Amino acid sequence: MLKEAIYHRPKNNYAYAYDESTLHIRLRTKKDDAESVSLIHGDPYDWGDGSWNYDTKQMSKSGSDELFDYWFVEIEPKFRRLRYGFELKNKKDVLVYTEKGFYKSIPNDDTAYFFTFPFINKIDIFEAPSWVKDTVWYQIFPERFANGDTKNDPPGTLEWGSTDPTPTNFFGGDFEGVIQHIDHLVDLGITGIYFTPIFKAYSNHKYDTIDYMEIDPQFGDKETFKRLVEACHKNGIKVMLDAVFNHSGYYFPQFQDVLENQEKSKFKDWFHLKEFPVVTEPKPNYDAFAFVSAMPKLNTENPEVKDYLLEVGRYWVREFNIDGWRLDVANEVDHQFWREFRKAVKEIKQDVYILGEIWHDSMPWLQGDQFDAVMNYPFTTGAVNFFAKDTINAVEFKNIISNVMHSYPNNVNEVAFNLLDSHDTPRILTICNDNKEKLKLLYVFQLSFTGTPCIYYGDEIGMTGGPDPGCRKCMEWNTDAQDRDLFEHIKKLLQLRKENSTFTANDINFIVSDTTTNHIVYTKKDRDHETIFILNNSDKDIEVEVPLYMKGKNVIDLWTGELFTPNSDVIKQHLSPYGFKIFQVAK
Ligand code: ARE
Ligand code: CA
């Protein structure tokens, strides 16, 4: 066995407390190397006659990616602590792997350092609000969703949808518009809205905040916002706001004071200034978001800044009863700030959801003390590259998804924010080259995957658009110009997701990933059911044999409602280009 590939580390995605009594243990090995793995485990203090009392428990292979296999076992240690190692076998070798290294057989003296999970302390367990895992998000860019009140339109507002979006134009979208169109969201089946920033700012996207305590007047006022939250709640919709705490805007009074008073400004420690005079051109001589001089980075280590921003976090939860915060550029703000932020907002409302915007591996933020979830861009890349762009094949896709699933604990995966696109990327239909059948298939995957899917406003009715700012067009409200067929497709999938907990279940088992036909088959299970998804990601009709192992059982085709009883374990299926089947059987 290739020792160099074998990896484990306690207290992260390889060993974590799933709940107050359950530990999840994973091990990585070289792909197709070990044939069986078992966990050697016992209580760290259970010694008799100088030797440690242990048991073994078989681990199961929970997935593989390009290079590695992953093994998994769930265990409930009686005293909430565990001392453990691994026994790996194949035809040639038996290896025992511990924190101290490799042995030929199970060492049983006190010189052998096994791994330990010292204690399951309740307060350290990663725990996201329970409502999150059943939530279906819808992302709204408020300037472009609907103009419900022309009286608050900013000067120079253009006629709705009259031209393409630019970095600086305005179309007058506002809260009243959202209130007027809640029915559209309820009809689709969404249960949470993520609003990009709504606080007073200069630009159309509002990521350059002027006042974190005020609603931008182009969207309405605090009273309108209150009505909006209430209308959402009445319709079973949660509300999440965007917290832009990494940087302020150029017109943030504290930054203006710095520009005016320079070294004498009492706000000079609010930012990361490097020299005086502070200049914005040709490049800012202070830290900023990227090199955007209009977005000076806030010094979140300064107690005054901290107090101010933590109060912002508390204020909108306390006074307006919002349900979540999405944290902009979350990975560039210090961890300590986020730990305090979590405490501050959860003290006001225990089940408020905290979602970090991080495009990369985010384990350091998902240990239970900072975020409840991150925007799952690694999922996005895998799904988009396979279904929309055709840049990877079925096996590569399976590998990426397995890798994504093993990058985090299961309780983290259950609430991951799984998006296909956003206000920062081209629209998904555009990425699909306007091929709606491809997009429909991609939705089957997204909406049958664990975690919480997010639909970017307008995608559901077939809107298109390139990268920022092209992806920020005005919502199309003329039903004749909307793609109602796409809407119905998503609506039906969301309905199935709501009715069948296999869709949200945190397991996915790829039983076929065929690089010739480019079709995949995966199954998902809950306590009572197994659902089989067969997806033809190709522009050809295909005839495939599916190993269902459901001979003689009653199978329901969830898409058509038809019932059938296969008379063999392998069934033949015909799939049209980009066609799919969803079969369900009682276990
Ligand atoms: C504007 C123009 C752009 C131009 C940019 C730079 O519209 O065309 O390229 O300026 O001059 C907001 C606005 C944007 C605006 C930007 C700057 O929405 O329209 O762009 O402010 O004024 C990284 C960060 C991630 C960040 C993205 C954009 O890690 O946090 O870049 N996303 C958030 C928001 C944005 C917002 C800001 C941050 C700033 O969601 O909407 O922009 O508040 C890779 C990297 C990622 C990288 C990602 C995208 O995969 O790994 O780290 O994300 O690409 O670039
Ligand atoms: Ca308006």
# chains A, B, ... in the order shown; residues from 1 in each chain; ligands from 1
>>> residues_near_ligand(ligand="ligand 1", cutoff="6 Å", atoms="only C-alpha atoms and all ligand atoms", output="ChimeraX atom specification")
/A:167,205,207,292,328-329,359,424,468-469
>>> closest_atom_pairs(of="chain A", to="ligand 2", cutoff="8 Å", atoms="only C-alpha atoms and all ligand atoms", output="tab-separated table")
residue	atom	partner	partner_atom_place_in_ligand_line	distance
A:Ala146	CA	ligand 2	1 (Ca)	7.9
A:Asn147	CA	ligand 2	1 (Ca)	4.6
A:Gly148	CA	ligand 2	1 (Ca)	5.8
A:Asp149	CA	ligand 2	1 (Ca)	4.4
A:Thr150	CA	ligand 2	1 (Ca)	4.3
A:Lys151	CA	ligand 2	1 (Ca)	6.2
A:Asn152	CA	ligand 2	1 (Ca)	4.8
A:Asp153	CA	ligand 2	1 (Ca)	4.2
A:Pro154	CA	ligand 2	1 (Ca)	7.6
A:Phe171	CA	ligand 2	1 (Ca)	7.6
A:Gly172	CA	ligand 2	1 (Ca)	4.0
A:Gly173	CA	ligand 2	1 (Ca)	4.9
A:Asp174	CA	ligand 2	1 (Ca)	5.0
A:Glu176	CA	ligand 2	1 (Ca)	7.8
A:Gly177	CA	ligand 2	1 (Ca)	7.7
A:Gln218	CA	ligand 2	1 (Ca)	6.0
A:Phe219	CA	ligand 2	1 (Ca)	6.5
A:Gly220	CA	ligand 2	1 (Ca)	7.9
>>> write_last_selection(atoms="N, CA, C and O atoms", output="mmCIF file, in the first residue's frame")
data_model
loop_
_atom_site.group_PDB
_atom_site.id
_atom_site.type_symbol
_atom_site.label_atom_id
_atom_site.label_comp_id
_atom_site.auth_asym_id
_atom_site.auth_seq_id
_atom_site.Cartn_x
_atom_site.Cartn_y
_atom_site.Cartn_z
ATOM 1 N N ALA A 146 -37.356 44.575 -9.421
ATOM 2 C CA ALA A 146 -38.633 45.168 -9.838
ATOM 3 C C ALA A 146 -38.723 46.587 -9.292
ATOM 4 O O ALA A 146 -38.326 46.850 -8.152
ATOM 5 N N ASN A 147 -39.238 47.478 -10.100
ATOM 6 C CA ASN A 147 -39.429 48.854 -9.664
ATOM 7 C C ASN A 147 -40.882 49.040 -9.238
ATOM 8 O O ASN A 147 -41.772 49.201 -10.055
ATOM 9 N N GLY A 148 -41.107 49.009 -7.929
ATOM 10 C CA GLY A 148 -42.480 49.081 -7.424
ATOM 11 C C GLY A 148 -42.896 50.487 -7.027
ATOM 12 O O GLY A 148 -44.053 50.730 -6.690
ATOM 13 N N ASP A 149 -41.959 51.417 -7.068
ATOM 14 C CA ASP A 149 -42.258 52.772 -6.624
ATOM 15 C C ASP A 149 -41.322 53.737 -7.361
ATOM 16 O O ASP A 149 -40.145 53.835 -7.039
ATOM 17 N N THR A 150 -41.880 54.433 -8.334
ATOM 18 C CA THR A 150 -41.006 55.301 -9.147
ATOM 19 C C THR A 150 -40.617 56.576 -8.392
ATOM 20 O O THR A 150 -39.687 57.270 -8.788
ATOM 21 N N LYS A 151 -41.316 56.856 -7.281
ATOM 22 C CA LYS A 151 -41.014 58.074 -6.527
ATOM 23 C C LYS A 151 -39.615 58.052 -5.912
ATOM 24 O O LYS A 151 -38.994 59.088 -5.707
ATOM 25 N N ASN A 152 -39.112 56.839 -5.631
ATOM 26 C CA ASN A 152 -37.785 56.785 -5.005
ATOM 27 C C ASN A 152 -36.656 56.569 -6.021
ATOM 28 O O ASN A 152 -35.505 56.354 -5.656
ATOM 29 N N ASP A 153 -36.986 56.624 -7.301
ATOM 30 C CA ASP A 153 -35.959 56.368 -8.323
ATOM 31 C C ASP A 153 -34.820 57.387 -8.229
ATOM 32 O O ASP A 153 -35.060 58.593 -8.108
ATOM 33 N N PRO A 154 -33.583 56.919 -8.308
ATOM 34 C CA PRO A 154 -32.466 57.877 -8.278
ATOM 35 C C PRO A 154 -32.442 58.716 -9.562
ATOM 36 O O PRO A 154 -32.976 58.279 -10.588
ATOM 37 N N PHE A 171 -31.867 51.511 -12.811
ATOM 38 C CA PHE A 171 -33.189 51.214 -13.354
ATOM 39 C C PHE A 171 -34.308 51.337 -12.318
ATOM 40 O O PHE A 171 -35.463 51.113 -12.633
ATOM 41 N N GLY A 172 -33.924 51.622 -11.085
ATOM 42 C CA GLY A 172 -34.965 51.962 -10.096
ATOM 43 C C GLY A 172 -35.581 50.819 -9.300
ATOM 44 O O GLY A 172 -36.601 51.012 -8.635
ATOM 45 N N GLY A 173 -34.993 49.641 -9.339
ATOM 46 C CA GLY A 173 -35.539 48.530 -8.538
ATOM 47 C C GLY A 173 -35.588 48.892 -7.067
ATOM 48 O O GLY A 173 -34.790 49.698 -6.584
ATOM 49 N N ASP A 174 -36.547 48.311 -6.335
ATOM 50 C CA ASP A 174 -36.707 48.657 -4.921
ATOM 51 C C ASP A 174 -37.475 47.587 -4.143
ATOM 52 O O ASP A 174 -37.881 46.560 -4.706
ATOM 53 N N GLU A 176 -40.454 47.788 -2.681
ATOM 54 C CA GLU A 176 -41.871 47.696 -3.042
ATOM 55 C C GLU A 176 -42.032 46.696 -4.194
ATOM 56 O O GLU A 176 -42.977 45.900 -4.215
ATOM 57 N N GLY A 177 -41.086 46.734 -5.112
ATOM 58 C CA GLY A 177 -41.099 45.796 -6.239
ATOM 59 C C GLY A 177 -41.020 44.348 -5.770
ATOM 60 O O GLY A 177 -41.714 43.467 -6.302
ATOM 61 N N GLN A 218 -32.996 54.705 -2.476
ATOM 62 C CA GLN A 218 -33.590 54.239 -3.745
ATOM 63 C C GLN A 218 -34.386 52.942 -3.566
ATOM 64 O O GLN A 218 -35.180 52.578 -4.424
ATOM 65 N N PHE A 219 -34.174 52.254 -2.432
ATOM 66 C CA PHE A 219 -34.908 51.000 -2.198
ATOM 67 C C PHE A 219 -36.154 51.198 -1.333
ATOM 68 O O PHE A 219 -37.006 50.320 -1.264
ATOM 69 N N GLY A 220 -36.222 52.326 -0.629
ATOM 70 C CA GLY A 220 -37.329 52.563 0.293
ATOM 71 C C GLY A 220 -36.751 53.065 1.595
ATOM 72 O O GLY A 220 -35.627 53.564 1.637
#
>>> select_by_dssp(residues="region 463-564 of chain A", states="strand (DSSP E)", output="PyMOL selection string")
chain A and resi 509-513+519-525+529-536+542-547+555-557+563-564
>>> write_last_selection(atoms="N, CA and C atoms", output="PDB file, in the first residue's frame")
ATOM      1  N   ASN A 509     -24.286   8.361  -4.263  1.00  0.00           N
ATOM      2  CA  ASN A 509     -23.499   7.214  -4.652  1.00  0.00           C
ATOM      3  C   ASN A 509     -23.530   7.113  -6.174  1.00  0.00           C
ATOM      4  N   PHE A 510     -22.402   7.410  -6.792  1.00  0.00           N
ATOM      5  CA  PHE A 510     -22.362   7.333  -8.254  1.00  0.00           C
ATOM      6  C   PHE A 510     -22.214   5.878  -8.657  1.00  0.00           C
ATOM      7  N   ILE A 511     -23.247   5.299  -9.293  1.00  0.00           N
ATOM      8  CA  ILE A 511     -23.063   3.902  -9.691  1.00  0.00           C
ATOM      9  C   ILE A 511     -22.616   3.772 -11.144  1.00  0.00           C
ATOM     10  N   VAL A 512     -22.852   4.792 -11.935  1.00  0.00           N
ATOM     11  CA  VAL A 512     -22.316   4.798 -13.303  1.00  0.00           C
ATOM     12  C   VAL A 512     -21.797   6.200 -13.616  1.00  0.00           C
ATOM     13  N   SER A 513     -20.599   6.300 -14.170  1.00  0.00           N
ATOM     14  CA  SER A 513     -20.124   7.547 -14.785  1.00  0.00           C
ATOM     15  C   SER A 513     -19.465   7.081 -16.071  1.00  0.00           C
ATOM     16  N   HIS A 519     -23.181   9.587 -19.731  1.00  0.00           N
ATOM     17  CA  HIS A 519     -24.322   9.571 -18.797  1.00  0.00           C
ATOM     18  C   HIS A 519     -23.852   9.176 -17.405  1.00  0.00           C
ATOM     19  N   ILE A 520     -24.610   9.626 -16.413  1.00  0.00           N
ATOM     20  CA  ILE A 520     -24.289   9.251 -15.036  1.00  0.00           C
ATOM     21  C   ILE A 520     -25.539   8.693 -14.363  1.00  0.00           C
ATOM     22  N   VAL A 521     -25.294   7.813 -13.409  1.00  0.00           N
ATOM     23  CA  VAL A 521     -26.386   7.301 -12.586  1.00  0.00           C
ATOM     24  C   VAL A 521     -25.942   7.431 -11.145  1.00  0.00           C
ATOM     25  N   TYR A 522     -26.768   8.064 -10.328  1.00  0.00           N
ATOM     26  CA  TYR A 522     -26.435   8.124  -8.905  1.00  0.00           C
ATOM     27  C   TYR A 522     -27.674   7.830  -8.081  1.00  0.00           C
ATOM     28  N   THR A 523     -27.414   7.343  -6.891  1.00  0.00           N
ATOM     29  CA  THR A 523     -28.537   7.037  -6.020  1.00  0.00           C
ATOM     30  C   THR A 523     -28.410   7.861  -4.747  1.00  0.00           C
ATOM     31  N   LYS A 524     -29.548   8.137  -4.164  1.00  0.00           N
ATOM     32  CA  LYS A 524     -29.569   8.842  -2.887  1.00  0.00           C
ATOM     33  C   LYS A 524     -30.570   8.125  -1.987  1.00  0.00           C
ATOM     34  N   LYS A 525     -30.229   8.018  -0.725  1.00  0.00           N
ATOM     35  CA  LYS A 525     -31.080   7.244   0.194  1.00  0.00           C
ATOM     36  C   LYS A 525     -31.488   8.070   1.403  1.00  0.00           C
ATOM     37  N   HIS A 529     -36.426   5.274   1.703  1.00  0.00           N
ATOM     38  CA  HIS A 529     -36.451   5.205   0.250  1.00  0.00           C
ATOM     39  C   HIS A 529     -35.074   5.285  -0.371  1.00  0.00           C
ATOM     40  N   GLU A 530     -35.037   4.825  -1.621  1.00  0.00           N
ATOM     41  CA  GLU A 530     -33.847   5.037  -2.420  1.00  0.00           C
ATOM     42  C   GLU A 530     -34.316   5.680  -3.727  1.00  0.00           C
ATOM     43  N   THR A 531     -33.622   6.726  -4.143  1.00  0.00           N
ATOM     44  CA  THR A 531     -33.982   7.376  -5.402  1.00  0.00           C
ATOM     45  C   THR A 531     -32.819   7.243  -6.364  1.00  0.00           C
ATOM     46  N   ILE A 532     -33.154   6.889  -7.603  1.00  0.00           N
ATOM     47  CA  ILE A 532     -32.119   6.684  -8.623  1.00  0.00           C
ATOM     48  C   ILE A 532     -32.263   7.770  -9.681  1.00  0.00           C
ATOM     49  N   PHE A 533     -31.171   8.445  -9.933  1.00  0.00           N
ATOM     50  CA  PHE A 533     -31.175   9.512 -10.938  1.00  0.00           C
ATOM     51  C   PHE A 533     -30.325   9.069 -12.118  1.00  0.00           C
ATOM     52  N   ILE A 534     -30.909   9.109 -13.312  1.00  0.00           N
ATOM     53  CA  ILE A 534     -30.178   8.721 -14.526  1.00  0.00           C
ATOM     54  C   ILE A 534     -30.150   9.952 -15.430  1.00  0.00           C
ATOM     55  N   LEU A 535     -28.966  10.475 -15.695  1.00  0.00           N
ATOM     56  CA  LEU A 535     -28.855  11.739 -16.430  1.00  0.00           C
ATOM     57  C   LEU A 535     -28.009  11.548 -17.686  1.00  0.00           C
ATOM     58  N   ASN A 536     -28.594  11.872 -18.821  1.00  0.00           N
ATOM     59  CA  ASN A 536     -27.876  11.761 -20.089  1.00  0.00           C
ATOM     60  C   ASN A 536     -27.309  13.129 -20.477  1.00  0.00           C
ATOM     61  N   ILE A 542     -29.674   7.866 -26.169  1.00  0.00           N
ATOM     62  CA  ILE A 542     -28.876   6.711 -25.740  1.00  0.00           C
ATOM     63  C   ILE A 542     -29.765   5.604 -25.190  1.00  0.00           C
ATOM     64  N   GLU A 543     -29.252   4.402 -25.319  1.00  0.00           N
ATOM     65  CA  GLU A 543     -29.935   3.202 -24.823  1.00  0.00           C
ATOM     66  C   GLU A 543     -28.970   2.630 -23.792  1.00  0.00           C
ATOM     67  N   VAL A 544     -29.338   2.660 -22.525  1.00  0.00           N
ATOM     68  CA  VAL A 544     -28.363   2.194 -21.532  1.00  0.00           C
ATOM     69  C   VAL A 544     -28.949   1.129 -20.613  1.00  0.00           C
ATOM     70  N   GLU A 545     -28.063   0.340 -20.075  1.00  0.00           N
ATOM     71  CA  GLU A 545     -28.487  -0.663 -19.100  1.00  0.00           C
ATOM     72  C   GLU A 545     -28.181  -0.106 -17.719  1.00  0.00           C
ATOM     73  N   VAL A 546     -29.190  -0.073 -16.876  1.00  0.00           N
ATOM     74  CA  VAL A 546     -28.995   0.506 -15.550  1.00  0.00           C
ATOM     75  C   VAL A 546     -29.067  -0.587 -14.485  1.00  0.00           C
ATOM     76  N   PRO A 547     -27.989  -0.741 -13.724  1.00  0.00           N
ATOM     77  CA  PRO A 547     -28.008  -1.760 -12.668  1.00  0.00           C
ATOM     78  C   PRO A 547     -28.804  -1.277 -11.459  1.00  0.00           C
ATOM     79  N   VAL A 555     -41.495   0.251  -8.328  1.00  0.00           N
ATOM     80  CA  VAL A 555     -40.702   1.449  -8.573  1.00  0.00           C
ATOM     81  C   VAL A 555     -41.624   2.537  -9.101  1.00  0.00           C
ATOM     82  N   ILE A 556     -41.439   3.746  -8.614  1.00  0.00           N
ATOM     83  CA  ILE A 556     -42.235   4.855  -9.151  1.00  0.00           C
ATOM     84  C   ILE A 556     -41.320   5.802  -9.924  1.00  0.00           C
ATOM     85  N   ASP A 557     -41.776   6.163 -11.105  1.00  0.00           N
ATOM     86  CA  ASP A 557     -41.075   7.170 -11.895  1.00  0.00           C
ATOM     87  C   ASP A 557     -41.568   8.514 -11.361  1.00  0.00           C
ATOM     88  N   LEU A 563     -45.952   3.791 -12.358  1.00  0.00           N
ATOM     89  CA  LEU A 563     -45.408   2.718 -11.515  1.00  0.00           C
ATOM     90  C   LEU A 563     -44.962   1.572 -12.397  1.00  0.00           C
ATOM     91  N   PHE A 564     -43.909   0.900 -12.042  1.00  0.00           N
ATOM     92  CA  PHE A 564     -43.532  -0.314 -12.772  1.00  0.00           C
ATOM     93  C   PHE A 564     -42.763  -1.260 -11.865  1.00  0.00           C
TER      94      PHE A 564
END
>>> residues_around(residues="Thr191 (chain A)", least_positions_apart="2", cutoff="10 Å", atoms="only C-alpha atoms", output="list in words")
Val132, Asp134, Thr135, Val136, Trp137, Tyr138, Leu185, Val186, Leu188, Gly189, Ile193, Cys232, His233, Asn235, Gly236, Ile237, Lys238 and Val239 of chain A
>>> closest_residue(among="A:Thr168, A:Asn204, A:Asn246, A:Ser21", to="Glu357 (chain A)", atoms="only C-alpha atoms")
A:Asn246
>>> residues_around(residues="Lys30 (chain A)", least_positions_apart="6", cutoff="8 Å", atoms="only C-alpha atoms", output="ChimeraX atom specification")
/A:1-2,5-6,67-69
>>> atom_distance(atom1="CA of Asn418 (chain A)", atom2="CA of Gln446 (chain A)")
7.5 Å
>>> atom_distance(atom1="CA of Val374 (chain A)", atom2="CA of Leu355 (chain A)")
5.2 Å
>>> closest_residue(among="A:Ala383, A:Val444, A:Leu327, A:Ala288", to="Thr196 (chain A)", atoms="only C-alpha atoms")
A:Leu327
>>> select_by_dssp(residues="region 128-255 of chain A", states="alpha helix (DSSP H)", output="list in words")
Phe175, Glu176, Gly177, Val178, Ile179, Gln180, Ile182, Asp183, His184, Leu185, Val186, Asp187, Leu188, Lys222, Glu223, Thr224, Phe225, Lys226, Arg227, Leu228, Val229, Glu230, Ala231, Cys232, His233, Lys234, Pro253, Gln254 and Phe255 of chain A
>>> residues_around(residues="region 40-48 of chain A", least_positions_apart="6", cutoff="10 Å", atoms="only C-alpha atoms", output="list in words")
Tyr54, Asp55, Thr56, Lys57, Gln58, Ile75, Pro77, Lys78, Phe79, Arg80, Arg81, Leu82, Arg83, Tyr84, Gly85, Phe86, Glu87, Val96, Tyr97, Thr98, Ile106, Asp109, Asp110, Phe114, Phe115, Thr116, Phe117 and Pro118 of chain A
>>> write_last_selection(atoms="N, CA and C atoms", output="PDB file, in the first residue's frame")
ATOM      1  N   TYR A  54      -9.375  -2.346  23.134  1.00  0.00           N
ATOM      2  CA  TYR A  54      -9.949  -1.738  21.932  1.00  0.00           C
ATOM      3  C   TYR A  54     -10.864  -2.707  21.199  1.00  0.00           C
ATOM      4  N   ASP A  55     -11.630  -2.135  20.298  1.00  0.00           N
ATOM      5  CA  ASP A  55     -12.483  -2.895  19.389  1.00  0.00           C
ATOM      6  C   ASP A  55     -12.121  -2.489  17.975  1.00  0.00           C
ATOM      7  N   THR A  56     -12.707  -3.165  17.018  1.00  0.00           N
ATOM      8  CA  THR A  56     -12.533  -2.681  15.648  1.00  0.00           C
ATOM      9  C   THR A  56     -13.904  -2.531  15.009  1.00  0.00           C
ATOM     10  N   LYS A  57     -13.977  -1.612  14.062  1.00  0.00           N
ATOM     11  CA  LYS A  57     -15.239  -1.414  13.334  1.00  0.00           C
ATOM     12  C   LYS A  57     -14.912  -1.179  11.866  1.00  0.00           C
ATOM     13  N   GLN A  58     -15.626  -1.886  11.023  1.00  0.00           N
ATOM     14  CA  GLN A  58     -15.402  -1.791   9.578  1.00  0.00           C
ATOM     15  C   GLN A  58     -15.733  -0.384   9.070  1.00  0.00           C
ATOM     16  N   ILE A  75     -19.301   6.636  14.744  1.00  0.00           N
ATOM     17  CA  ILE A  75     -19.107   5.921  16.006  1.00  0.00           C
ATOM     18  C   ILE A  75     -19.629   6.752  17.175  1.00  0.00           C
ATOM     19  N   PRO A  77     -18.896   6.987  20.863  1.00  0.00           N
ATOM     20  CA  PRO A  77     -18.087   6.537  21.998  1.00  0.00           C
ATOM     21  C   PRO A  77     -18.825   6.781  23.311  1.00  0.00           C
ATOM     22  N   LYS A  78     -18.831   5.725  24.147  1.00  0.00           N
ATOM     23  CA  LYS A  78     -19.618   5.750  25.377  1.00  0.00           C
ATOM     24  C   LYS A  78     -19.281   6.959  26.257  1.00  0.00           C
ATOM     25  N   PHE A  79     -17.999   7.281  26.324  1.00  0.00           N
ATOM     26  CA  PHE A  79     -17.610   8.389  27.204  1.00  0.00           C
ATOM     27  C   PHE A  79     -17.254   9.653  26.416  1.00  0.00           C
ATOM     28  N   ARG A  80     -17.786   9.723  25.194  1.00  0.00           N
ATOM     29  CA  ARG A  80     -17.618  10.902  24.333  1.00  0.00           C
ATOM     30  C   ARG A  80     -16.161  11.246  24.031  1.00  0.00           C
ATOM     31  N   ARG A  81     -15.295  10.267  24.062  1.00  0.00           N
ATOM     32  CA  ARG A  81     -13.903  10.504  23.693  1.00  0.00           C
ATOM     33  C   ARG A  81     -13.383   9.244  23.027  1.00  0.00           C
ATOM     34  N   LEU A  82     -12.353   9.389  22.227  1.00  0.00           N
ATOM     35  CA  LEU A  82     -11.938   8.242  21.426  1.00  0.00           C
ATOM     36  C   LEU A  82     -10.440   8.237  21.205  1.00  0.00           C
ATOM     37  N   ARG A  83      -9.892   7.036  21.328  1.00  0.00           N
ATOM     38  CA  ARG A  83      -8.508   6.808  20.937  1.00  0.00           C
ATOM     39  C   ARG A  83      -8.618   5.855  19.765  1.00  0.00           C
ATOM     40  N   TYR A  84      -7.921   6.134  18.687  1.00  0.00           N
ATOM     41  CA  TYR A  84      -8.181   5.315  17.501  1.00  0.00           C
ATOM     42  C   TYR A  84      -7.020   5.294  16.512  1.00  0.00           C
ATOM     43  N   GLY A  85      -7.094   4.284  15.669  1.00  0.00           N
ATOM     44  CA  GLY A  85      -6.149   4.135  14.566  1.00  0.00           C
ATOM     45  C   GLY A  85      -6.849   3.346  13.464  1.00  0.00           C
ATOM     46  N   PHE A  86      -6.108   2.958  12.457  1.00  0.00           N
ATOM     47  CA  PHE A  86      -6.731   2.302  11.312  1.00  0.00           C
ATOM     48  C   PHE A  86      -5.979   1.028  10.948  1.00  0.00           C
ATOM     49  N   GLU A  87      -6.723   0.012  10.595  1.00  0.00           N
ATOM     50  CA  GLU A  87      -6.095  -1.187  10.062  1.00  0.00           C
ATOM     51  C   GLU A  87      -6.504  -1.316   8.602  1.00  0.00           C
ATOM     52  N   VAL A  96      -1.060  -0.954   9.879  1.00  0.00           N
ATOM     53  CA  VAL A  96      -1.768  -0.234  10.928  1.00  0.00           C
ATOM     54  C   VAL A  96      -1.242   1.195  10.929  1.00  0.00           C
ATOM     55  N   TYR A  97      -2.169   2.133  10.874  1.00  0.00           N
ATOM     56  CA  TYR A  97      -1.804   3.539  10.758  1.00  0.00           C
ATOM     57  C   TYR A  97      -2.229   4.277  12.030  1.00  0.00           C
ATOM     58  N   THR A  98      -1.283   4.924  12.663  1.00  0.00           N
ATOM     59  CA  THR A  98      -1.579   5.700  13.875  1.00  0.00           C
ATOM     60  C   THR A  98      -0.972   7.099  13.717  1.00  0.00           C
ATOM     61  N   ILE A 106      -1.276  -4.408  15.205  1.00  0.00           N
ATOM     62  CA  ILE A 106      -1.779  -3.420  16.153  1.00  0.00           C
ATOM     63  C   ILE A 106      -0.855  -3.328  17.371  1.00  0.00           C
ATOM     64  N   ASP A 109       1.073  -1.145  23.367  1.00  0.00           N
ATOM     65  CA  ASP A 109       1.796  -0.721  24.554  1.00  0.00           C
ATOM     66  C   ASP A 109       1.783   0.798  24.566  1.00  0.00           C
ATOM     67  N   ASP A 110       2.215   1.418  25.620  1.00  0.00           N
ATOM     68  CA  ASP A 110       2.030   2.870  25.711  1.00  0.00           C
ATOM     69  C   ASP A 110       3.007   3.677  24.854  1.00  0.00           C
ATOM     70  N   PHE A 114      -1.741   6.486  19.295  1.00  0.00           N
ATOM     71  CA  PHE A 114      -2.920   6.492  18.439  1.00  0.00           C
ATOM     72  C   PHE A 114      -3.421   7.926  18.273  1.00  0.00           C
ATOM     73  N   PHE A 115      -4.332   8.088  17.344  1.00  0.00           N
ATOM     74  CA  PHE A 115      -5.009   9.381  17.241  1.00  0.00           C
ATOM     75  C   PHE A 115      -5.967   9.513  18.415  1.00  0.00           C
ATOM     76  N   THR A 116      -6.286  10.750  18.778  1.00  0.00           N
ATOM     77  CA  THR A 116      -7.368  10.883  19.761  1.00  0.00           C
ATOM     78  C   THR A 116      -8.330  11.984  19.336  1.00  0.00           C
ATOM     79  N   PHE A 117      -9.572  11.749  19.680  1.00  0.00           N
ATOM     80  CA  PHE A 117     -10.562  12.824  19.673  1.00  0.00           C
ATOM     81  C   PHE A 117     -10.847  13.020  21.154  1.00  0.00           C
ATOM     82  N   PRO A 118     -10.220  14.037  21.760  1.00  0.00           N
ATOM     83  CA  PRO A 118     -10.143  14.066  23.232  1.00  0.00           C
ATOM     84  C   PRO A 118     -11.482  14.103  23.969  1.00  0.00           C
TER      85      PRO A 118
END
>>> closest_residue(among="A:Tyr308, A:Phe445, A:Phe387, A:Tyr315", to="Asn433 (chain A)", atoms="only C-alpha atoms")
A:Phe387
>>> closest_residue(among="A:Ser407, A:Asn90, A:Thr516, A:Gln367", to="Trp338 (chain A)", atoms="only C-alpha atoms")
A:Gln367
>>> residues_around(residues="Tyr202 (chain A)", least_positions_apart="4", cutoff="8 Å", atoms="only C-alpha atoms", output="ChimeraX atom specification")
/A:206,208-210,249,251
>>> atom_distance(atom1="CA of Thr280 (chain A)", atom2="CA of Leu298 (chain A)")
15.4 Å
